[in-house]
>>> print(open('model.pdb').read())   # PDB, C-alpha atoms, pLDDT in the B column
ATOM      1  CA  MET Q 648      43.237  60.410 222.135  1.00 65.00           C
ATOM      2  CA  ARG Q 649      45.210  57.372 223.275  1.00 67.00           C
ATOM      3  CA  TYR Q 650      43.136  55.223 220.894  1.00 69.00           C
ATOM      4  CA  LEU Q 651      44.023  57.435 217.896  1.00 73.00           C
ATOM      5  CA  LEU Q 652      47.682  57.368 218.897  1.00 75.00           C
ATOM      6  CA  HIS Q 653      47.635  53.560 218.907  1.00 71.00           C
ATOM      7  CA  ILE Q 654      46.095  53.537 215.433  1.00 78.00           C
ATOM      8  CA  LEU Q 655      48.741  55.969 214.145  1.00 78.00           C
ATOM      9  CA  LEU Q 656      51.542  53.811 215.609  1.00 79.00           C
ATOM     10  CA  VAL Q 657      50.098  50.709 213.940  1.00 76.00           C
ATOM     11  CA  ILE Q 658      49.957  52.489 210.576  1.00 81.00           C
ATOM     12  CA  VAL Q 659      53.531  53.746 210.875  1.00 77.00           C
ATOM     13  CA  ALA Q 660      54.797  50.310 211.956  1.00 76.00           C
ATOM     14  CA  THR Q 661      52.958  48.627 209.078  1.00 79.00           C
ATOM     15  CA  ALA Q 662      54.353  51.106 206.539  1.00 74.00           C
ATOM     16  CA  ALA Q 663      57.889  50.671 207.907  1.00 71.00           C
ATOM     17  CA  ALA Q 664      57.556  46.894 207.712  1.00 70.00           C
ATOM     18  CA  ALA Q 665      56.260  47.108 204.147  1.00 67.00           C
ATOM     19  CA  PHE Q 666      59.162  49.326 203.044  1.00 66.00           C
ATOM     20  CA  THR Q 667      61.591  46.993 204.795  1.00 65.00           C
ATOM     21  CA  ILE Q 668      60.203  43.877 203.118  1.00 62.00           C
ATOM     22  CA  PHE Q 669      59.338  45.156 199.640  1.00 61.00           C
ATOM     23  CA  GLY Q 670      61.761  48.061 199.300  1.00 59.00           C
ATOM     24  CA  ILE Q 671      61.198  51.648 198.216  1.00 60.00           C
ATOM     25  CA  PRO Q 672      59.781  52.075 194.669  1.00 61.00           C
ATOM     26  CA  GLY Q 673      62.524  53.222 192.307  1.00 63.00           C
ATOM     27  CA  HIS Q 674      65.295  52.235 194.705  1.00 66.00           C
ATOM     28  CA  LEU Q 675      68.112  50.237 193.114  1.00 72.00           C
ATOM     29  CA  SER Q 676      69.366  47.201 194.969  1.00 71.00           C
ATOM     30  CA  ARG Q 677      71.408  44.140 194.172  1.00 77.00           C
ATOM     31  CA  LYS Q 678      69.368  42.061 196.594  1.00 74.00           C
ATOM     32  CA  PRO Q 679      66.627  39.933 195.009  1.00 72.00           C
ATOM     33  CA  PRO Q 680      63.177  41.306 195.837  1.00 68.00           C
ATOM     34  CA  LEU Q 681      60.579  39.450 197.853  1.00 70.00           C
ATOM     35  CA  GLU Q 682      57.929  38.413 195.331  1.00 73.00           C
ATOM     36  CA  VAL Q 683      54.632  37.190 196.698  1.00 74.00           C
ATOM     37  CA  PHE Q 684      53.415  36.323 193.165  1.00 77.00           C
ATOM     38  CA  PRO Q 685      56.483  35.881 190.929  1.00 72.00           C
ATOM     39  CA  ASP Q 686      54.301  35.083 187.865  1.00 75.00           C
ATOM     40  CA  MET Q 687      57.195  33.215 186.249  1.00 75.00           C
ATOM     41  CA  ASP Q 688      59.189  36.462 185.897  1.00 74.00           C
ATOM     42  CA  ARG Q 689      62.282  34.505 186.879  1.00 73.00           C
ATOM     43  CA  GLN Q 690      62.715  30.902 185.867  1.00 75.00           C
ATOM     44  CA  ALA Q 691      65.347  28.479 184.719  1.00 75.00           C
ATOM     45  CA  LYS Q 692      66.220  28.851 181.052  1.00 77.00           C
ATOM     46  CA  LEU Q 693      68.766  27.849 178.467  1.00 78.00           C
ATOM     47  CA  ARG Q 694      70.714  30.598 176.747  1.00 77.00           C
ATOM     48  CA  PRO Q 695      71.150  30.300 172.949  1.00 75.00           C
ATOM     49  CA  ALA Q 696      74.348  28.706 171.665  1.00 74.00           C
ATOM     50  CA  GLN Q 697      75.392  27.661 175.182  1.00 78.00           C
ATOM     51  CA  PRO Q 698      76.208  24.040 176.078  1.00 81.00           C
ATOM     52  CA  ASN Q 699      73.945  22.328 178.572  1.00 79.00           C
ATOM     53  CA  ASP Q 700      73.145  18.898 179.899  1.00 81.00           C
ATOM     54  CA  PHE Q 701      69.356  19.159 179.545  1.00 79.00           C
ATOM     55  CA  PHE Q 702      69.132  17.879 175.976  1.00 81.00           C
ATOM     56  CA  PRO Q 703      70.912  14.659 175.003  1.00 83.00           C
ATOM     57  CA  ASN Q 704      72.928  16.382 172.260  1.00 83.00           C
ATOM     58  CA  GLY Q 705      74.070  19.123 174.654  1.00 82.00           C
ATOM     59  CA  LEU Q 706      72.766  21.991 172.495  1.00 80.00           C
ATOM     60  CA  SER Q 707      70.394  24.736 173.617  1.00 80.00           C
ATOM     61  CA  SER Q 708      68.992  25.359 170.134  1.00 77.00           C
ATOM     62  CA  GLN Q 709      66.844  22.477 168.955  1.00 77.00           C
ATOM     63  CA  LEU Q 710      64.955  21.737 165.753  1.00 77.00           C
ATOM     64  CA  PRO Q 711      61.142  21.884 166.139  1.00 74.00           C
ATOM     65  CA  PRO Q 712      59.459  18.543 166.856  1.00 78.00           C
ATOM     66  CA  ALA Q 713      57.941  16.653 163.954  1.00 80.00           C
ATOM     67  CA  GLY Q 714      54.479  17.935 163.046  1.00 77.00           C
ATOM     68  CA  THR Q 715      55.066  21.459 164.358  1.00 74.00           C
ATOM     69  CA  VAL Q 716      52.868  24.023 162.589  1.00 66.00           C
ATOM     70  CA  VAL Q 717      54.927  26.881 161.123  1.00 65.00           C
ATOM     71  CA  ARG Q 718      53.568  30.254 162.228  1.00 66.00           C
ATOM     72  CA  SER Q 719      54.838  32.226 159.239  1.00 67.00           C
ATOM     73  CA  ALA Q 720      55.574  29.923 156.344  1.00 71.00           C
ATOM     74  CA  PRO Q 721      57.089  31.470 153.204  1.00 75.00           C
ATOM     75  CA  VAL Q 722      54.971  31.952 150.100  1.00 78.00           C
ATOM     76  CA  ALA Q 723      56.362  30.315 146.972  1.00 74.00           C
ATOM     77  CA  THR Q 724      56.733  32.773 144.089  1.00 73.00           C
ATOM     78  CA  LEU Q 725      58.515  32.710 140.752  1.00 66.00           C
ATOM     79  CA  GLY Q 726      61.330  34.707 142.348  1.00 70.00           C
ATOM     80  CA  GLY Q 727      61.699  32.304 145.268  1.00 74.00           C
ATOM     81  CA  PRO Q 728      60.176  32.037 148.756  1.00 79.00           C
ATOM     82  CA  VAL Q 729      58.835  35.255 150.308  1.00 80.00           C
ATOM     83  CA  TYR Q 730      58.424  35.740 154.064  1.00 76.00           C
ATOM     84  CA  ALA Q 731      55.887  38.009 155.776  1.00 77.00           C
ATOM     85  CA  TYR Q 732      58.555  40.412 157.075  1.00 75.00           C
ATOM     86  CA  GLN Q 733      60.040  41.218 153.650  1.00 83.00           C
ATOM     87  CA  ASP Q 734      59.460  44.575 151.947  1.00 88.00           C
ATOM     88  CA  VAL Q 735      58.199  43.177 148.667  1.00 90.00           C
ATOM     89  CA  PRO Q 736      55.035  43.809 146.597  1.00 93.00           C
ATOM     90  CA  LEU Q 737      53.481  40.550 147.776  1.00 93.00           C
ATOM     91  CA  ASN Q 738      53.367  41.874 151.349  1.00 93.00           C
ATOM     92  CA  THR Q 739      52.918  45.617 150.823  1.00 94.00           C
ATOM     93  CA  GLY Q 740      51.316  46.153 147.428  1.00 95.00           C
ATOM     94  CA  CYS Q 741      54.098  48.649 146.698  1.00 95.00           C
ATOM     95  CA  VAL Q 742      57.307  48.625 144.713  1.00 94.00           C
ATOM     96  CA  ALA Q 743      60.067  47.577 147.120  1.00 90.00           C
ATOM     97  CA  GLY Q 744      61.558  50.532 148.973  1.00 87.00           C
ATOM     98  CA  THR Q 745      58.894  52.978 147.753  1.00 91.00           C
ATOM     99  CA  THR Q 746      55.292  53.994 148.392  1.00 91.00           C
ATOM    100  CA  ASN Q 747      54.325  53.506 144.739  1.00 96.00           C
ATOM    101  CA  PHE Q 748      51.590  50.924 144.247  1.00 97.00           C
ATOM    102  CA  VAL Q 749      52.336  48.042 141.915  1.00 96.00           C
ATOM    103  CA  PRO Q 750      50.094  48.117 138.823  1.00 96.00           C
ATOM    104  CA  THR Q 751      49.239  44.415 138.662  1.00 96.00           C
ATOM    105  CA  ASN Q 752      48.910  41.347 140.837  1.00 96.00           C
ATOM    106  CA  PRO Q 753      52.353  39.909 141.706  1.00 94.00           C
ATOM    107  CA  LEU Q 754      50.968  36.363 141.902  1.00 93.00           C
ATOM    108  CA  PRO Q 755      49.877  34.287 138.904  1.00 92.00           C
ATOM    109  CA  VAL Q 756      46.167  34.524 138.145  1.00 94.00           C
ATOM    110  CA  ASP Q 757      44.908  31.043 137.324  1.00 94.00           C
ATOM    111  CA  ALA Q 758      41.844  28.911 138.010  1.00 95.00           C
ATOM    112  CA  ALA Q 759      43.065  28.035 141.500  1.00 95.00           C
ATOM    113  CA  ALA Q 760      43.624  31.697 142.402  1.00 95.00           C
ATOM    114  CA  LEU Q 761      40.178  32.694 141.113  1.00 96.00           C
ATOM    115  CA  SER Q 762      38.530  29.841 143.008  1.00 97.00           C
ATOM    116  CA  ARG Q 763      40.286  30.844 146.232  1.00 96.00           C
ATOM    117  CA  GLY Q 764      39.482  34.490 145.587  1.00 97.00           C
ATOM    118  CA  ARG Q 765      35.800  33.717 145.126  1.00 97.00           C
ATOM    119  CA  GLU Q 766      35.748  31.750 148.373  1.00 97.00           C
ATOM    120  CA  GLN Q 767      37.402  34.543 150.355  1.00 97.00           C
ATOM    121  CA  PHE Q 768      35.322  37.230 148.613  1.00 97.00           C
ATOM    122  CA  ASN Q 769      32.102  35.462 149.639  1.00 97.00           C
ATOM    123  CA  ILE Q 770      33.307  35.264 153.240  1.00 96.00           C
ATOM    124  CA  TYR Q 771      34.668  38.767 153.786  1.00 96.00           C
ATOM    125  CA  CYS Q 772      33.396  41.029 151.001  1.00 96.00           C
ATOM    126  CA  THR Q 773      29.896  39.862 150.096  1.00 96.00           C
ATOM    127  CA  PRO Q 774      28.192  41.068 153.322  1.00 95.00           C
ATOM    128  CA  CYS Q 775      28.877  44.685 152.315  1.00 94.00           C
ATOM    129  CA  HIS Q 776      29.710  44.708 148.598  1.00 95.00           C
ATOM    130  CA  GLY Q 777      27.251  41.986 147.597  1.00 94.00           C
ATOM    131  CA  GLY Q 778      27.843  38.802 145.647  1.00 94.00           C
ATOM    132  CA  LEU Q 779      28.139  40.780 142.402  1.00 93.00           C
ATOM    133  CA  GLY Q 780      30.381  43.445 143.914  1.00 94.00           C
ATOM    134  CA  ASP Q 781      27.768  46.136 143.187  1.00 93.00           C
ATOM    135  CA  GLY Q 782      27.589  47.428 146.771  1.00 92.00           C
ATOM    136  CA  ASN Q 783      24.206  45.851 147.519  1.00 92.00           C
ATOM    137  CA  GLY Q 784      25.170  43.511 150.335  1.00 92.00           C
ATOM    138  CA  ILE Q 785      23.065  42.581 153.334  1.00 92.00           C
ATOM    139  CA  THR Q 786      24.542  45.378 155.469  1.00 90.00           C
ATOM    140  CA  LYS Q 787      23.143  47.948 153.054  1.00 87.00           C
ATOM    141  CA  LYS Q 788      19.765  46.239 152.833  1.00 87.00           C
ATOM    142  CA  ILE Q 789      19.258  46.320 156.607  1.00 89.00           C
ATOM    143  CA  GLY Q 790      20.588  49.877 156.906  1.00 86.00           C
ATOM    144  CA  VAL Q 791      23.784  49.123 158.815  1.00 86.00           C
ATOM    145  CA  MET Q 792      26.018  50.441 156.024  1.00 83.00           C
ATOM    146  CA  PRO Q 793      23.943  52.863 153.918  1.00 80.00           C
ATOM    147  CA  ALA Q 794      26.896  53.758 151.664  1.00 84.00           C
ATOM    148  CA  VAL Q 795      28.994  50.920 150.256  1.00 91.00           C
ATOM    149  CA  ALA Q 796      31.389  51.189 147.330  1.00 93.00           C
ATOM    150  CA  ASN Q 797      30.318  49.675 144.035  1.00 95.00           C
ATOM    151  CA  LEU Q 798      33.376  47.744 142.862  1.00 96.00           C
ATOM    152  CA  HIS Q 799      32.351  48.370 139.252  1.00 95.00           C
ATOM    153  CA  ASP Q 800      32.653  52.156 139.547  1.00 95.00           C
ATOM    154  CA  GLN Q 801      35.184  53.575 137.115  1.00 94.00           C
ATOM    155  CA  ARG Q 802      37.213  54.967 140.025  1.00 95.00           C
ATOM    156  CA  ILE Q 803      37.796  51.474 141.438  1.00 95.00           C
ATOM    157  CA  VAL Q 804      38.162  49.791 138.043  1.00 95.00           C
ATOM    158  CA  GLU Q 805      41.004  52.185 137.243  1.00 95.00           C
ATOM    159  CA  MET Q 806      42.749  51.632 140.589  1.00 96.00           C
ATOM    160  CA  THR Q 807      45.995  49.691 140.502  1.00 97.00           C
ATOM    161  CA  ASP Q 808      45.972  46.248 142.064  1.00 97.00           C
ATOM    162  CA  GLY Q 809      48.455  47.522 144.639  1.00 97.00           C
ATOM    163  CA  GLU Q 810      46.116  50.298 145.808  1.00 97.00           C
ATOM    164  CA  ILE Q 811      43.223  47.853 146.180  1.00 97.00           C
ATOM    165  CA  PHE Q 812      45.543  45.566 148.149  1.00 97.00           C
ATOM    166  CA  ASN Q 813      46.432  48.483 150.410  1.00 96.00           C
ATOM    167  CA  THR Q 814      42.742  49.244 151.016  1.00 96.00           C
ATOM    168  CA  ILE Q 815      41.934  45.618 151.816  1.00 97.00           C
ATOM    169  CA  THR Q 816      44.923  45.391 154.140  1.00 96.00           C
ATOM    170  CA  HIS Q 817      44.486  48.625 156.108  1.00 95.00           C
ATOM    171  CA  GLY Q 818      40.851  49.532 155.487  1.00 94.00           C
ATOM    172  CA  LYS Q 819      39.450  52.866 154.375  1.00 91.00           C
ATOM    173  CA  GLY Q 820      36.627  55.013 155.695  1.00 87.00           C
ATOM    174  CA  LEU Q 821      34.001  52.752 157.251  1.00 87.00           C
ATOM    175  CA  MET Q 822      35.702  49.660 155.863  1.00 91.00           C
ATOM    176  CA  GLY Q 823      37.785  47.839 158.428  1.00 92.00           C
ATOM    177  CA  ALA Q 824      41.237  46.353 157.919  1.00 95.00           C
ATOM    178  CA  TYR Q 825      41.280  42.791 156.636  1.00 96.00           C
ATOM    179  CA  GLY Q 826      45.040  42.372 156.783  1.00 93.00           C
ATOM    180  CA  PRO Q 827      44.819  40.643 160.198  1.00 91.00           C
ATOM    181  CA  LEU Q 828      42.092  38.308 158.895  1.00 93.00           C
ATOM    182  CA  MET Q 829      43.401  37.275 155.487  1.00 94.00           C
ATOM    183  CA  THR Q 830      46.825  36.159 154.344  1.00 92.00           C
ATOM    184  CA  ALA Q 831      48.566  38.221 151.678  1.00 93.00           C
ATOM    185  CA  PRO Q 832      48.047  35.551 148.974  1.00 94.00           C
ATOM    186  CA  ASP Q 833      44.338  35.426 149.848  1.00 95.00           C
ATOM    187  CA  ARG Q 834      44.067  39.226 149.507  1.00 97.00           C
ATOM    188  CA  TRP Q 835      45.672  39.020 146.067  1.00 97.00           C
ATOM    189  CA  ALA Q 836      43.306  36.174 145.166  1.00 97.00           C
ATOM    190  CA  VAL Q 837      40.347  38.380 146.138  1.00 97.00           C
ATOM    191  CA  ILE Q 838      41.715  41.112 143.876  1.00 98.00           C
ATOM    192  CA  ALA Q 839      41.999  38.637 140.996  1.00 97.00           C
ATOM    193  CA  TYR Q 840      38.389  37.569 141.532  1.00 97.00           C
ATOM    194  CA  THR Q 841      37.282  41.211 141.795  1.00 97.00           C
ATOM    195  CA  ARG Q 842      38.897  41.917 138.432  1.00 96.00           C
ATOM    196  CA  ALA Q 843      37.026  38.928 137.000  1.00 95.00           C
ATOM    197  CA  LEU Q 844      33.749  40.349 138.355  1.00 95.00           C
ATOM    198  CA  GLN Q 845      34.546  43.733 136.833  1.00 95.00           C
ATOM    199  CA  LEU Q 846      35.352  42.151 133.483  1.00 91.00           C
ATOM    200  CA  SER Q 847      32.097  40.181 133.481  1.00 88.00           C
ATOM    201  CA  TRP Q 848      30.180  43.333 134.430  1.00 86.00           C
ATOM    202  CA  LEU Q 849      31.831  45.856 132.127  1.00 84.00           C
ATOM    203  CA  GLY Q 850      33.074  43.658 129.293  1.00 78.00           C
ATOM    204  CA  SER Q 851      31.407  43.500 125.884  1.00 78.00           C
ATOM    205  CA  PRO Q 852      30.848  40.589 123.454  1.00 78.00           C
ATOM    206  CA  ALA Q 853      33.274  42.254 121.067  1.00 79.00           C
ATOM    207  CA  GLU Q 854      36.099  41.361 123.453  1.00 78.00           C
ATOM    208  CA  LEU Q 855      35.304  37.630 123.218  1.00 78.00           C
ATOM    209  CA  THR Q 856      36.720  35.159 120.758  1.00 83.00           C
ATOM    210  CA  ALA Q 857      34.523  33.740 118.016  1.00 83.00           C
ATOM    211  CA  GLU Q 858      34.147  30.493 119.930  1.00 85.00           C
ATOM    212  CA  GLN Q 859      33.146  32.312 123.119  1.00 78.00           C
ATOM    213  CA  ARG Q 860      30.581  34.419 121.253  1.00 78.00           C
ATOM    214  CA  ALA Q 861      29.153  31.302 119.671  1.00 81.00           C
ATOM    215  CA  ALA Q 862      28.824  29.694 123.108  1.00 79.00           C
ATOM    216  CA  LEU Q 863      26.823  32.693 124.330  1.00 73.00           C
ATOM    217  CA  THR Q 864      24.279  32.380 121.522  1.00 75.00           C
ATOM    218  CA  LYS Q 865      23.531  28.715 122.254  1.00 70.00           C
TER
END
>>> encode(input="model.pdb", output="structure tokens")
Amino acid sequence: MRYLLHILLVIVATAAAAFTIFGIPGHLSRKPPLEVFPDMDRQAKLRPAQPNDFFPNGLSSQLPPAGTVVRSAPVATLGGPVYAYQDVPLNTGCVAGTTNFVPTNPLPVDAAALSRGREQFNIYCTPCHGGLGDGNGITKKIGVMPAVANLHDQRIVEMTDGEIFNTITHGKGLMGAYGPLMTAPDRWAVIAYTRALQLSWLGSPAELTAEQRAALTK
């Protein structure tokens, strides 16, 4: 009995010491707490727009050092630079301030865009959709993804570019989101290349110029 009493006294004394040192959870106090592992929660810092004697020019806000890599550089468009946080078609695939998908690609479609689109398509899209976009990628062949969309189906051909951008960005069904993996310009480049694949698949010789038709017969 005396042994149990000693154990109980030790427990009570330990608990009292712990509450005394660390405080009661939820209790407000102006005294700084005792932190065994502060984990840099409190450290010296410079407040914005406040003078200081740390930097030679006495300013807290400094320009980034030469060679610093910009985390979110603006994209150059015909309307001016566009940043990732802006509610514009380039970033959302929708008309600004609405949920309506834009009908066509907001970026110019040229040889450089198609080349970039082909590169990104081969990296991210070919495993499932196949190199031709017909849905016969390696994942289907080995049975991992038995049902993959054929990008030449009329349903997808008739989709607006903005809706395809939305699907690439956020994913749909078994397709994951590629927004975190690809920049917005790269997603639009993939769409441009996809349209080129669809045109090559569904187009007819009648749509070609005389020179192009002559080249095909050589």
>>> resolve_selection(input="model.pdb", expression="the PyMOL selection byres ((chain Q and resi 837) around 9)", output="list in words")
Ala760, Leu761, Arg763, Gly764, Arg765, Glu766, Gln767, Phe768, Cys772, Pro832, Asp833, Arg834, Trp835, Ala836, Ile838, Ala839, Tyr840, Thr841 and Arg842 of chain Q
>>> resolve_selection(input="model.pdb", expression="the PyMOL selection byres ((chain Q and resi 831) around 12)", output="PyMOL selection string")
chain Q and resi 719-722+729-732+735-740+752-754+764+767+809+812-813+815-816+825-830+832-838
>>> atom_distance(input="model.pdb", atom1="atom CA of Leu706 of chain Q", atom2="atom CA of Ala691 of chain Q")
15.7 Å
>>> resolve_selection(input="model.pdb", expression="the PyMOL selection byres ((chain Q and resi 796) around 9)", output="NGL selection string")
:Q and (775-776 or 780-783 or 794-795 or 797-800 or 803)
